[in-house]
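**Student:** Got a file for you: data-v5.txt, compact mmCIF, C-alpha atoms and all ligand atoms.
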# COMPACT_ATOMS: atom_id res chain seq x y z
CA MET C 180 -11.90 20.24 4.74
CA HIS C 181 -14.08 21.24 1.76
CA ARG C 182 -13.80 24.91 2.70
CA LEU C 183 -10.03 24.66 3.04
CA SER C 184 -9.46 22.82 -0.25
CA THR C 185 -11.78 25.24 -2.12
CA ARG C 186 -9.79 28.16 -0.72
CA ILE C 187 -6.50 26.57 -1.79
CA LYS C 188 -7.82 25.90 -5.28
CA ILE C 189 -9.30 29.37 -5.72
CA GLY C 190 -5.79 30.62 -4.99
CA GLY C 191 -4.67 28.59 -8.04
CA LYS C 192 -2.61 26.16 -5.99
CA LYS C 193 -2.22 22.40 -6.56
CA ILE C 194 -2.97 20.05 -3.67
CA GLY C 195 -0.86 16.95 -3.00
CA LEU C 196 -2.49 14.34 -0.75
CA VAL C 197 -0.66 11.58 1.12
CA PRO C 198 -3.28 9.22 2.56
CA THR C 199 -1.99 7.22 5.55
CA MET C 200 -3.13 5.28 8.58
CA GLY C 201 -0.49 7.00 10.71
CA PHE C 202 2.43 5.55 12.68
CA LEU C 203 4.56 7.16 10.02
CA HIS C 204 7.87 5.79 8.77
CA TYR C 205 10.39 6.72 6.07
CA GLY C 206 8.12 5.20 3.42
CA HIS C 207 5.46 7.80 4.25
CA LEU C 208 8.10 10.53 4.45
CA SER C 209 9.27 9.67 0.91
CA LEU C 210 5.68 10.24 -0.31
CA ILE C 211 5.55 13.57 1.52
CA LYS C 212 8.89 14.60 -0.01
CA LYS C 213 7.57 13.85 -3.50
CA SER C 214 4.37 15.79 -2.83
CA LYS C 215 6.36 18.78 -1.62
CA GLN C 216 8.35 18.71 -4.87
CA GLN C 217 5.27 18.57 -7.11
CA ALA C 218 2.38 20.23 -5.30
CA ASP C 219 1.97 23.70 -3.78
CA VAL C 220 0.18 22.47 -0.68
CA THR C 221 0.72 19.05 0.93
CA ILE C 222 -2.06 17.49 2.99
CA VAL C 223 -1.51 14.24 4.91
CA SER C 224 -4.51 12.27 6.12
CA ILE C 225 -4.27 9.96 9.10
CA PHE C 226 -7.22 7.65 9.48
CA VAL C 227 -7.14 4.03 10.64
CA ASN C 228 -9.97 2.99 8.41
CA PRO C 229 -12.20 0.40 10.13
CA THR C 230 -13.89 -0.81 6.94
CA GLN C 231 -10.66 -2.23 5.51
CA PHE C 232 -10.10 -4.51 8.53
CA SER C 233 -12.01 -7.76 8.97
CA PRO C 234 -13.32 -8.55 12.47
CA THR C 235 -10.37 -10.93 13.02
CA GLU C 236 -7.72 -8.39 12.00
CA ASP C 237 -5.66 -5.89 13.97
CA LEU C 238 -7.85 -2.72 13.91
CA ASP C 239 -7.77 -2.24 17.70
CA LYS C 240 -4.09 -2.96 18.12
CA TYR C 241 -2.97 -1.18 14.91
CA PRO C 242 -0.07 1.03 16.06
CA ARG C 243 -0.99 4.67 16.70
CA ASP C 244 1.10 7.60 17.92
CA LEU C 245 -0.47 10.89 16.86
CA ASP C 246 1.92 13.11 18.81
CA ARG C 247 4.95 11.54 17.15
CA ASP C 248 3.25 11.69 13.74
CA LYS C 249 2.41 15.38 14.20
CA LYS C 250 6.05 16.17 15.02
CA LEU C 251 7.22 14.26 11.93
CA LEU C 252 4.70 16.10 9.74
CA SER C 253 5.83 19.51 11.04
CA ALA C 254 9.50 18.61 10.69
CA ASN C 255 8.86 17.54 7.09
CA GLY C 256 7.02 20.70 6.09
CA VAL C 257 3.53 19.24 5.68
CA ASP C 258 0.96 22.03 5.36
CA TYR C 259 -2.14 20.33 6.77
CA LEU C 260 -3.07 17.17 8.64
CA PHE C 261 -6.55 15.78 8.00
CA TYR C 262 -7.37 13.61 11.01
CA PRO C 263 -11.07 12.83 11.00
CA ASP C 264 -12.88 10.77 13.58
CA ALA C 265 -14.40 7.45 12.45
CA SER C 266 -17.88 8.79 13.27
CA GLU C 267 -17.36 11.77 10.95
CA ILE C 268 -16.35 9.54 8.05
CA TYR C 269 -18.86 6.73 8.62
CA SER C 270 -21.79 8.56 10.06
CA HIS C 271 -24.69 6.72 11.64
CA ASN C 272 -26.59 4.81 8.91
CA TYR C 273 -23.65 4.93 6.46
CA GLN C 274 -24.56 2.83 3.39
CA THR C 275 -22.31 3.56 0.40
CA PHE C 276 -19.30 1.46 -0.61
CA VAL C 277 -17.00 1.44 -3.63
CA ASP C 278 -16.26 -2.03 -4.98
CA VAL C 279 -13.60 -2.38 -7.69
CA THR C 280 -14.67 -5.87 -8.62
CA ASN C 281 -12.16 -7.96 -10.62
CA ILE C 282 -8.81 -6.71 -9.46
CA SER C 283 -9.97 -6.80 -5.81
CA SER C 284 -10.84 -10.47 -5.94
CA THR C 285 -7.35 -12.02 -6.29
CA LEU C 286 -4.28 -12.28 -4.02
CA GLU C 287 -4.87 -9.90 -1.06
CA GLY C 288 -8.57 -9.92 -1.94
CA LYS C 289 -8.74 -13.72 -1.47
CA PHE C 290 -7.19 -13.56 1.97
CA ARG C 291 -8.81 -10.27 3.02
CA PRO C 292 -12.19 -10.40 1.24
CA ALA C 293 -13.65 -6.98 2.21
CA HIS C 294 -10.28 -5.20 2.40
CA PHE C 295 -10.20 -3.44 -0.97
CA LYS C 296 -13.84 -2.42 -0.72
CA GLY C 297 -12.91 -0.61 2.49
CA VAL C 298 -9.79 0.90 0.90
CA ALA C 299 -11.59 2.07 -2.26
CA THR C 300 -14.39 3.54 -0.15
CA ILE C 301 -12.17 5.54 2.20
CA VAL C 302 -9.87 6.68 -0.60
CA SER C 303 -12.92 7.84 -2.55
CA ILE C 304 -14.19 9.73 0.54
CA LEU C 305 -10.75 11.34 0.94
CA PHE C 306 -10.72 12.35 -2.74
CA ASN C 307 -14.21 13.85 -2.42
CA SER C 308 -13.32 15.67 0.81
CA ILE C 309 -9.95 17.05 -0.24
CA SER C 310 -10.13 17.32 -4.07
CA PRO C 311 -6.39 16.68 -4.47
CA ASP C 312 -4.55 17.19 -7.76
CA TYR C 313 -1.88 14.59 -6.95
CA VAL C 314 -2.18 11.60 -4.63
CA TYR C 315 0.83 9.63 -3.44
CA PHE C 316 0.90 5.89 -2.71
CA GLY C 317 3.72 3.44 -1.99
CA GLN C 318 4.52 0.59 -4.37
CA LYS C 319 4.69 -1.76 -1.38
CA ASP C 320 0.89 -2.04 -1.56
CA ALA C 321 1.08 -2.89 -5.26
CA GLN C 322 -2.42 -4.33 -5.53
CA GLN C 323 -3.90 -1.41 -3.59
CA VAL C 324 -2.30 0.90 -6.17
CA ALA C 325 -3.83 -1.13 -9.01
CA VAL C 326 -7.28 -1.06 -7.35
CA ILE C 327 -7.11 2.70 -6.80
CA LYS C 328 -5.89 3.40 -10.34
CA GLN C 329 -8.81 1.37 -11.69
CA MET C 330 -11.22 3.29 -9.44
CA VAL C 331 -9.81 6.64 -10.57
CA LYS C 332 -10.24 5.59 -14.20
CA ASP C 333 -13.73 4.14 -13.76
CA LEU C 334 -15.14 6.94 -11.59
CA LYS C 335 -13.40 9.69 -13.63
CA TYR C 336 -11.56 11.33 -10.76
CA ASN C 337 -9.68 14.35 -12.05
CA LEU C 338 -6.39 13.69 -10.28
CA LYS C 339 -3.06 11.99 -10.81
CA ILE C 340 -1.89 8.96 -8.84
CA ILE C 341 1.84 9.03 -8.16
CA VAL C 342 3.41 5.74 -7.10
CA CYS C 343 6.67 5.92 -5.14
CA PRO C 344 9.22 3.10 -4.74
CA ILE C 345 9.29 0.77 -1.74
CA ILE C 346 11.53 2.11 1.01
CA ARG C 347 13.55 -0.62 2.72
CA GLU C 348 15.59 -0.87 5.90
CA THR C 349 19.32 -1.24 5.15
CA ASP C 350 19.01 -5.03 5.50
CA GLY C 351 16.18 -5.22 2.93
CA LEU C 352 13.02 -5.36 5.08
CA ALA C 353 10.30 -3.27 3.43
CA MET C 354 9.19 -0.49 5.78
CA SER C 355 5.75 -0.99 7.27
CA SER C 356 3.94 0.27 10.34
CA ARG C 357 3.28 -3.39 11.17
CA ASN C 358 7.02 -4.18 11.50
CA VAL C 359 6.71 -2.93 15.08
CA TYR C 360 4.85 -6.18 15.93
CA LEU C 361 7.96 -8.30 15.12
CA SER C 362 10.09 -9.71 17.96
CA ASP C 363 13.90 -9.54 17.50
CA ASN C 364 14.01 -13.08 16.11
CA GLU C 365 11.00 -12.52 13.87
CA ARG C 366 12.59 -9.31 12.60
CA LYS C 367 15.53 -11.45 11.36
CA ASP C 368 13.19 -14.10 9.95
CA ALA C 369 11.21 -11.41 8.10
CA LEU C 370 14.22 -10.82 5.85
CA VAL C 371 13.19 -13.98 4.02
CA LEU C 372 10.59 -11.94 2.09
CA SER C 373 13.10 -9.58 0.46
CA ARG C 374 15.57 -12.47 0.09
CA SER C 375 13.11 -14.55 -1.91
CA LEU C 376 12.20 -11.53 -4.08
CA LYS C 377 15.91 -11.06 -4.82
CA LEU C 378 16.02 -14.74 -5.74
CA ALA C 379 13.16 -14.21 -8.22
CA GLU C 380 15.02 -11.24 -9.76
CA LYS C 381 18.18 -13.36 -10.04
CA LEU C 382 16.37 -16.27 -11.69
CA VAL C 383 14.78 -13.96 -14.28
CA LYS C 384 18.15 -12.30 -14.94
CA GLU C 385 19.66 -15.75 -15.51
CA GLY C 386 16.99 -16.48 -18.12
CA GLU C 387 14.24 -18.34 -16.25
CA ARG C 388 10.90 -17.59 -17.94
CA ILE C 389 8.53 -20.07 -16.29
CA PRO C 390 6.69 -18.42 -13.37
CA ASP C 391 5.91 -21.73 -11.64
CA ILE C 392 9.62 -22.60 -11.41
CA ILE C 393 10.47 -19.17 -9.97
CA ILE C 394 7.54 -19.33 -7.53
CA SER C 395 8.45 -22.80 -6.27
CA GLN C 396 12.03 -21.68 -5.53
CA MET C 397 10.69 -18.62 -3.70
CA ILE C 398 8.36 -20.83 -1.67
CA ASN C 399 11.27 -23.14 -0.75
CA GLU C 400 13.27 -20.14 0.42
CA ILE C 401 10.40 -18.79 2.55
CA ASN C 402 9.59 -22.22 3.99
CA SER C 403 13.21 -22.58 5.14
CA VAL C 404 12.28 -20.13 7.92
CA ASP C 405 10.31 -21.90 10.68
CA SER C 406 8.24 -18.90 11.78
CA SER C 407 6.93 -18.27 8.24
CA LYS C 408 3.50 -19.20 6.95
CA ILE C 409 2.77 -18.28 3.34
CA ASP C 410 -0.57 -16.81 2.24
CA TYR C 411 0.55 -16.49 -1.37
CA VAL C 412 3.56 -16.17 -3.63
CA GLU C 413 2.58 -15.08 -7.13
CA ILE C 414 3.91 -13.54 -10.32
CA VAL C 415 1.50 -11.30 -12.22
CA ASP C 416 1.54 -9.01 -15.22
CA ALA C 417 2.30 -5.59 -13.70
CA GLU C 418 -0.26 -3.90 -15.95
CA ASN C 419 -3.37 -5.96 -15.21
CA PHE C 420 -2.49 -8.37 -12.38
CA LEU C 421 -3.25 -11.39 -14.61
CA VAL C 422 -1.18 -14.54 -14.06
CA PRO C 423 1.07 -15.27 -17.07
CA ASP C 424 1.98 -18.78 -18.36
CA ASN C 425 5.41 -17.55 -19.42
CA LEU C 426 7.39 -14.37 -18.96
CA ILE C 427 7.63 -12.50 -22.27
CA GLU C 428 10.48 -10.24 -23.40
CA GLY C 429 9.84 -6.51 -22.97
CA LYS C 430 7.03 -6.96 -20.42
CA ARG C 431 7.05 -6.02 -16.77
CA TYR C 432 5.86 -8.40 -14.08
CA LEU C 433 5.47 -8.26 -10.34
CA ALA C 434 6.54 -10.97 -7.91
CA LEU C 435 4.34 -10.65 -4.83
CA ILE C 436 4.46 -12.26 -1.40
CA ALA C 437 2.08 -12.28 1.55
CA CYS C 438 3.38 -14.22 4.48
CA ARG C 439 3.04 -14.44 8.22
CA ILE C 440 6.15 -14.24 10.36
CA GLY C 441 4.85 -15.49 13.68
CA ASN C 442 1.56 -13.62 14.07
CA THR C 443 2.53 -10.67 11.87
CA ARG C 444 1.26 -10.62 8.30
CA LEU C 445 3.72 -8.96 5.93
CA ILE C 446 3.55 -8.19 2.22
CA ASP C 447 6.32 -7.31 -0.20
CA ASN C 448 6.91 -7.26 -3.95
CA THR C 449 9.39 -6.48 -6.68
CA PHE C 450 9.21 -5.72 -10.38
CA LEU C 451 10.61 -8.38 -12.69
CA LYS C 452 11.83 -6.87 -15.95
CA VAL C 453 12.28 -9.33 -18.77
CA SER C 454 14.75 -8.01 -21.33
O1 LIG C 501 -2.12 2.24 2.55
C1 LIG C 501 -2.74 2.68 3.54
O2 LIG C 501 -2.16 3.15 4.52
C2 LIG C 501 -4.26 2.62 3.55
O3 LIG C 501 -4.72 1.47 2.91
C3 LIG C 501 -4.93 3.87 2.95
C4 LIG C 501 -4.57 4.04 1.48
C5 LIG C 501 -4.48 5.10 3.72
C6 LIG C 501 -6.44 3.76 3.05
O4 LIG C 501 -6.86 3.61 4.36
Re-express the file's structure as structure tokens.

**Tutor:**
Amino acid sequence: MHRLSTRIKIGGKKIGLVPTMGFLHYGHLSLIKKSKQQADVTIVSIFVNPTQFSPTEDLDKYPRDLDRDKKLLSANGVDYLFYPDASEIYSHNYQTFVDVTNISSTLEGKFRPAHFKGVATIVSILFNSISPDYVYFGQKDAQQVAVIKQMVKDLKYNLKIIVCPIIRETDGLAMSSRNVYLSDNERKDALVLSRSLKLAEKLVKEGERIPDIIISQMINEINSVDSSKIDYVEIVDAENFLVPDNLIEGKRYLALIACRIGNTRLIDNTFLKVS
């Protein structure tokens, strides 16, 4: 990978990287499309990163279909697929981890304590292996984006993070490789996430400025679905992920949800613009 990226760069070309864990969907394809518009060479990585899963999570059953992914990558004009083996990334006696401390400790970090350390570590390894100029992430993993941006700033990576909007099914469900776990009934129940985010947007539009009031209405909406079990519903400042007392004019906030529908843990979010 080093040899290849050096060759591309010596040729004066810009590399766009789309890091993924495979089982690609339209969300990933939107990142690839953006990379193809901006970069000269698009590289997609597929690596189901073991260090970002806790022992009780779904590493073994995480959906995988490399043949299908490869076809999608070819059909979408991707130049290279980087598909390393876990033993190549985390060699015997591997010891080095990247820990983005503060921003990793809230929300997802509370429910998945080692998750962002695993994400920051693998993303850093991908950056070091590929030396991309542009790297594309989806807004659906809003906190992941914030963690990676902080890492890029702190560790002085010479690259640009491009964040692309959440891609939703026509009925509002945010696209995710994990949606495949949902039964037909759960698939319907899962719409409660986007519904409660819409409710938050509506409340803010109507003038509500107290996060606790918005959050409690979102929680009521989610709890109206029997199969749901909330991990968190939160409103944070979109810049720094701090929890505001009140929503202030001209600022941008994020409403975030993590919730189980049956056994499937889903996350979703939306920007709240106060104007
Ligand atoms: O968002 C993902 O798919 C993963 O967290 C990432 C960024 C590819 C790191 O494993």

**Student:** Please produce, as a Markdown table, a per-residue contact table for region 333-410 of chain C versus region 265-288 of chain C (criterion: any atom at most 10 Å away, only C-alpha atoms considered), showing the nearest atom pair and its distance in Å to one decimal, sorted by chain then residue number.

**Tutor:**
| residue | atom | partner | partner_atom | distance |
| --- | --- | --- | --- | --- |
| C:Asp333 | CA | C:Val279 | CA | 8.9 |
| C:Leu334 | CA | C:Val277 | CA | 9.9 |
| C:Asp410 | CA | C:Leu286 | CA | 8.6 |

**Student:** With C-alpha atoms retained, write the just-selected residues as an mmCIF file, in the coordinates of the input.

**Tutor:**
data_model
loop_
_atom_site.group_PDB
_atom_site.id
_atom_site.type_symbol
_atom_site.label_atom_id
_atom_site.label_comp_id
_atom_site.auth_asym_id
_atom_site.auth_seq_id
_atom_site.Cartn_x
_atom_site.Cartn_y
_atom_site.Cartn_z
ATOM 1 C CA ASP C 333 -13.730 4.140 -13.760
ATOM 2 C CA LEU C 334 -15.140 6.940 -11.590
ATOM 3 C CA ASP C 410 -0.570 -16.810 2.240
#

**Student:** When distances are computed from only C-alpha atoms, which of C:Pro344, C:Arg357, C:Leu305, C:Val371 shows the smallest separation from Leu238 (chain C)?

**Tutor:** C:Arg357

**Student:** Looking at C:Ser406, C:Asn307, C:Ser356, C:Asn425, which one is nearest to ligand LIG 501 (chain C), with distances taken over only C-alpha atoms and all ligand atoms?

**Tutor:**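 Closest to ligand LIG 501 (chain C), using only C-alpha atoms and all ligand atoms: C:Ser356.
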
**Student:** Show me which residues are within 6 Å of ligand LIG 501 (chain C) counting all atoms listed in the file, and format the list as a PyMOL selection string.

**Tutor:** chain C and resi 198-200+228+298+302

**Student:** Counting all atoms listed in the file, write as a compact mmCIF listing (two decimals) with C-alpha atoms, keeping the file's coordinate frame all protein and nucleic acid residues lying at most 7 Å from (5.2, 23.7, 2.9) in the file's frame.

**Tutor:**
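Ended up saving to selection-v3.txt:
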# COMPACT_ATOMS: atom_id res chain seq x y z
CA LYS C 215 6.36 18.78 -1.62
CA VAL C 220 0.18 22.47 -0.68
CA THR C 221 0.72 19.05 0.93
CA GLY C 256 7.02 20.70 6.09
CA VAL C 257 3.53 19.24 5.68
CA ASP C 258 0.96 22.03 5.36

**Student:** Rank nothing, just name the residue among C:Ser373, C:Ser454, C:Ser303, C:Thr349 nearest to Glu387 (chain C), using all atoms listed in the file.

**Tutor:**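 Distance minimum relative to Glu387 (chain C) lands on C:Ser454.
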
**Student:** Region 240-251 of chain C from the block above, all heavy atoms, as a CSV table (one decimal), in the first residue's frame, please?

**Tutor:**
chain,number,residue,atom,x,y,z
C,240,LYS,N,-20.5,-11.7,14.0
C,240,LYS,CA,-21.7,-11.7,13.1
C,240,LYS,C,-21.9,-10.4,12.2
C,240,LYS,O,-22.8,-10.3,11.5
C,240,LYS,CB,-23.0,-12.1,13.8
C,240,LYS,CG,-23.5,-11.1,14.7
C,240,LYS,CD,-24.9,-11.6,15.2
C,240,LYS,CE,-25.6,-10.6,16.1
C,240,LYS,NZ,-26.6,-9.8,15.7
C,241,TYR,N,-20.9,-9.5,12.3
C,241,TYR,CA,-21.0,-8.3,11.5
C,241,TYR,C,-21.1,-8.7,10.0
C,241,TYR,O,-20.4,-9.5,9.5
C,241,TYR,CB,-19.8,-7.4,11.7
C,241,TYR,CG,-20.0,-6.0,11.2
C,241,TYR,CD1,-20.6,-5.0,11.9
C,241,TYR,CD2,-19.6,-5.7,9.9
C,241,TYR,CE1,-20.9,-3.8,11.4
C,241,TYR,CE2,-19.8,-4.4,9.3
C,241,TYR,CZ,-20.5,-3.5,10.1
C,241,TYR,OH,-20.7,-2.3,9.5
C,242,PRO,N,-22.1,-8.1,9.3
C,242,PRO,CA,-22.4,-8.6,7.9
C,242,PRO,C,-21.2,-8.4,7.0
C,242,PRO,O,-20.5,-7.3,7.0
C,242,PRO,CB,-23.6,-7.8,7.5
C,242,PRO,CG,-23.6,-6.6,8.4
C,242,PRO,CD,-23.0,-7.0,9.7
C,243,ARG,N,-20.9,-9.4,6.2
C,243,ARG,CA,-19.7,-9.3,5.3
C,243,ARG,C,-20.2,-9.9,4.0
C,243,ARG,O,-20.8,-11.0,4.0
C,243,ARG,CB,-18.5,-10.1,5.8
C,243,ARG,CG,-17.9,-9.6,7.1
C,243,ARG,CD,-17.0,-10.7,7.7
C,243,ARG,NE,-16.2,-10.2,8.8
C,243,ARG,CZ,-16.5,-10.1,10.1
C,243,ARG,NH1,-17.7,-10.5,10.5
C,243,ARG,NH2,-15.7,-9.7,11.0
C,244,ASP,N,-19.8,-9.3,2.9
C,244,ASP,CA,-20.0,-9.9,1.5
C,244,ASP,C,-19.0,-9.3,0.6
C,244,ASP,O,-19.4,-8.3,-0.2
C,244,ASP,CB,-21.5,-9.7,1.1
C,244,ASP,CG,-21.8,-10.5,-0.1
C,244,ASP,OD1,-20.9,-10.9,-0.8
C,244,ASP,OD2,-23.0,-10.7,-0.4
C,245,LEU,N,-17.8,-9.8,0.6
C,245,LEU,CA,-16.7,-9.2,-0.2
C,245,LEU,C,-17.0,-9.2,-1.7
C,245,LEU,O,-16.7,-8.2,-2.4
C,245,LEU,CB,-15.4,-9.9,0.1
C,245,LEU,CG,-14.2,-9.2,-0.5
C,245,LEU,CD1,-14.0,-7.8,0.0
C,245,LEU,CD2,-12.9,-10.0,-0.2
C,246,ASP,N,-17.6,-10.3,-2.2
C,246,ASP,CA,-17.8,-10.4,-3.6
C,246,ASP,C,-18.8,-9.3,-4.1
C,246,ASP,O,-18.6,-8.6,-5.1
C,246,ASP,CB,-18.4,-11.8,-4.0
C,246,ASP,CG,-17.3,-12.8,-3.9
C,246,ASP,OD1,-16.1,-12.5,-3.9
C,246,ASP,OD2,-17.7,-14.0,-3.8
C,247,ARG,N,-19.9,-9.2,-3.3
C,247,ARG,CA,-20.8,-8.1,-3.6
C,247,ARG,C,-20.2,-6.7,-3.5
C,247,ARG,O,-20.4,-5.9,-4.4
C,247,ARG,CB,-22.0,-8.2,-2.7
C,247,ARG,CG,-23.1,-7.2,-2.9
C,247,ARG,CD,-24.2,-7.4,-1.9
C,247,ARG,NE,-25.0,-6.2,-1.6
C,247,ARG,CZ,-24.7,-5.3,-0.8
C,247,ARG,NH1,-23.6,-5.4,0.0
C,247,ARG,NH2,-25.5,-4.2,-0.6
C,248,ASP,N,-19.4,-6.5,-2.5
C,248,ASP,CA,-18.7,-5.2,-2.3
C,248,ASP,C,-17.8,-4.9,-3.5
C,248,ASP,O,-17.8,-3.8,-4.0
C,248,ASP,CB,-17.9,-5.2,-1.0
C,248,ASP,CG,-18.8,-5.1,0.2
C,248,ASP,OD1,-20.0,-4.8,0.1
C,248,ASP,OD2,-18.3,-5.3,1.3
C,249,LYS,N,-17.1,-6.0,-3.9
C,249,LYS,CA,-16.1,-5.8,-5.0
C,249,LYS,C,-16.8,-5.3,-6.3
C,249,LYS,O,-16.4,-4.4,-7.0
C,249,LYS,CB,-15.3,-7.0,-5.3
C,249,LYS,CG,-14.2,-7.3,-4.4
C,249,LYS,CD,-13.5,-8.6,-4.8
C,249,LYS,CE,-12.3,-8.9,-4.0
C,249,LYS,NZ,-11.8,-10.2,-4.2
C,250,LYS,N,-18.0,-6.0,-6.5
C,250,LYS,CA,-18.8,-5.6,-7.7
C,250,LYS,C,-19.2,-4.2,-7.7
C,250,LYS,O,-19.2,-3.4,-8.6
C,250,LYS,CB,-20.0,-6.6,-7.9
C,250,LYS,CG,-19.6,-7.9,-8.4
C,250,LYS,CD,-20.8,-8.8,-8.7
C,250,LYS,CE,-20.3,-10.2,-8.8
C,250,LYS,NZ,-21.0,-11.2,-8.0
C,251,LEU,N,-19.7,-3.8,-6.5
C,251,LEU,CA,-20.2,-2.4,-6.3
C,251,LEU,C,-19.1,-1.4,-6.5
C,251,LEU,O,-19.2,-0.4,-7.1
C,251,LEU,CB,-20.8,-2.2,-4.9
C,251,LEU,CG,-22.2,-2.7,-4.7
C,251,LEU,CD1,-22.6,-2.7,-3.2
C,251,LEU,CD2,-23.2,-1.8,-5.5
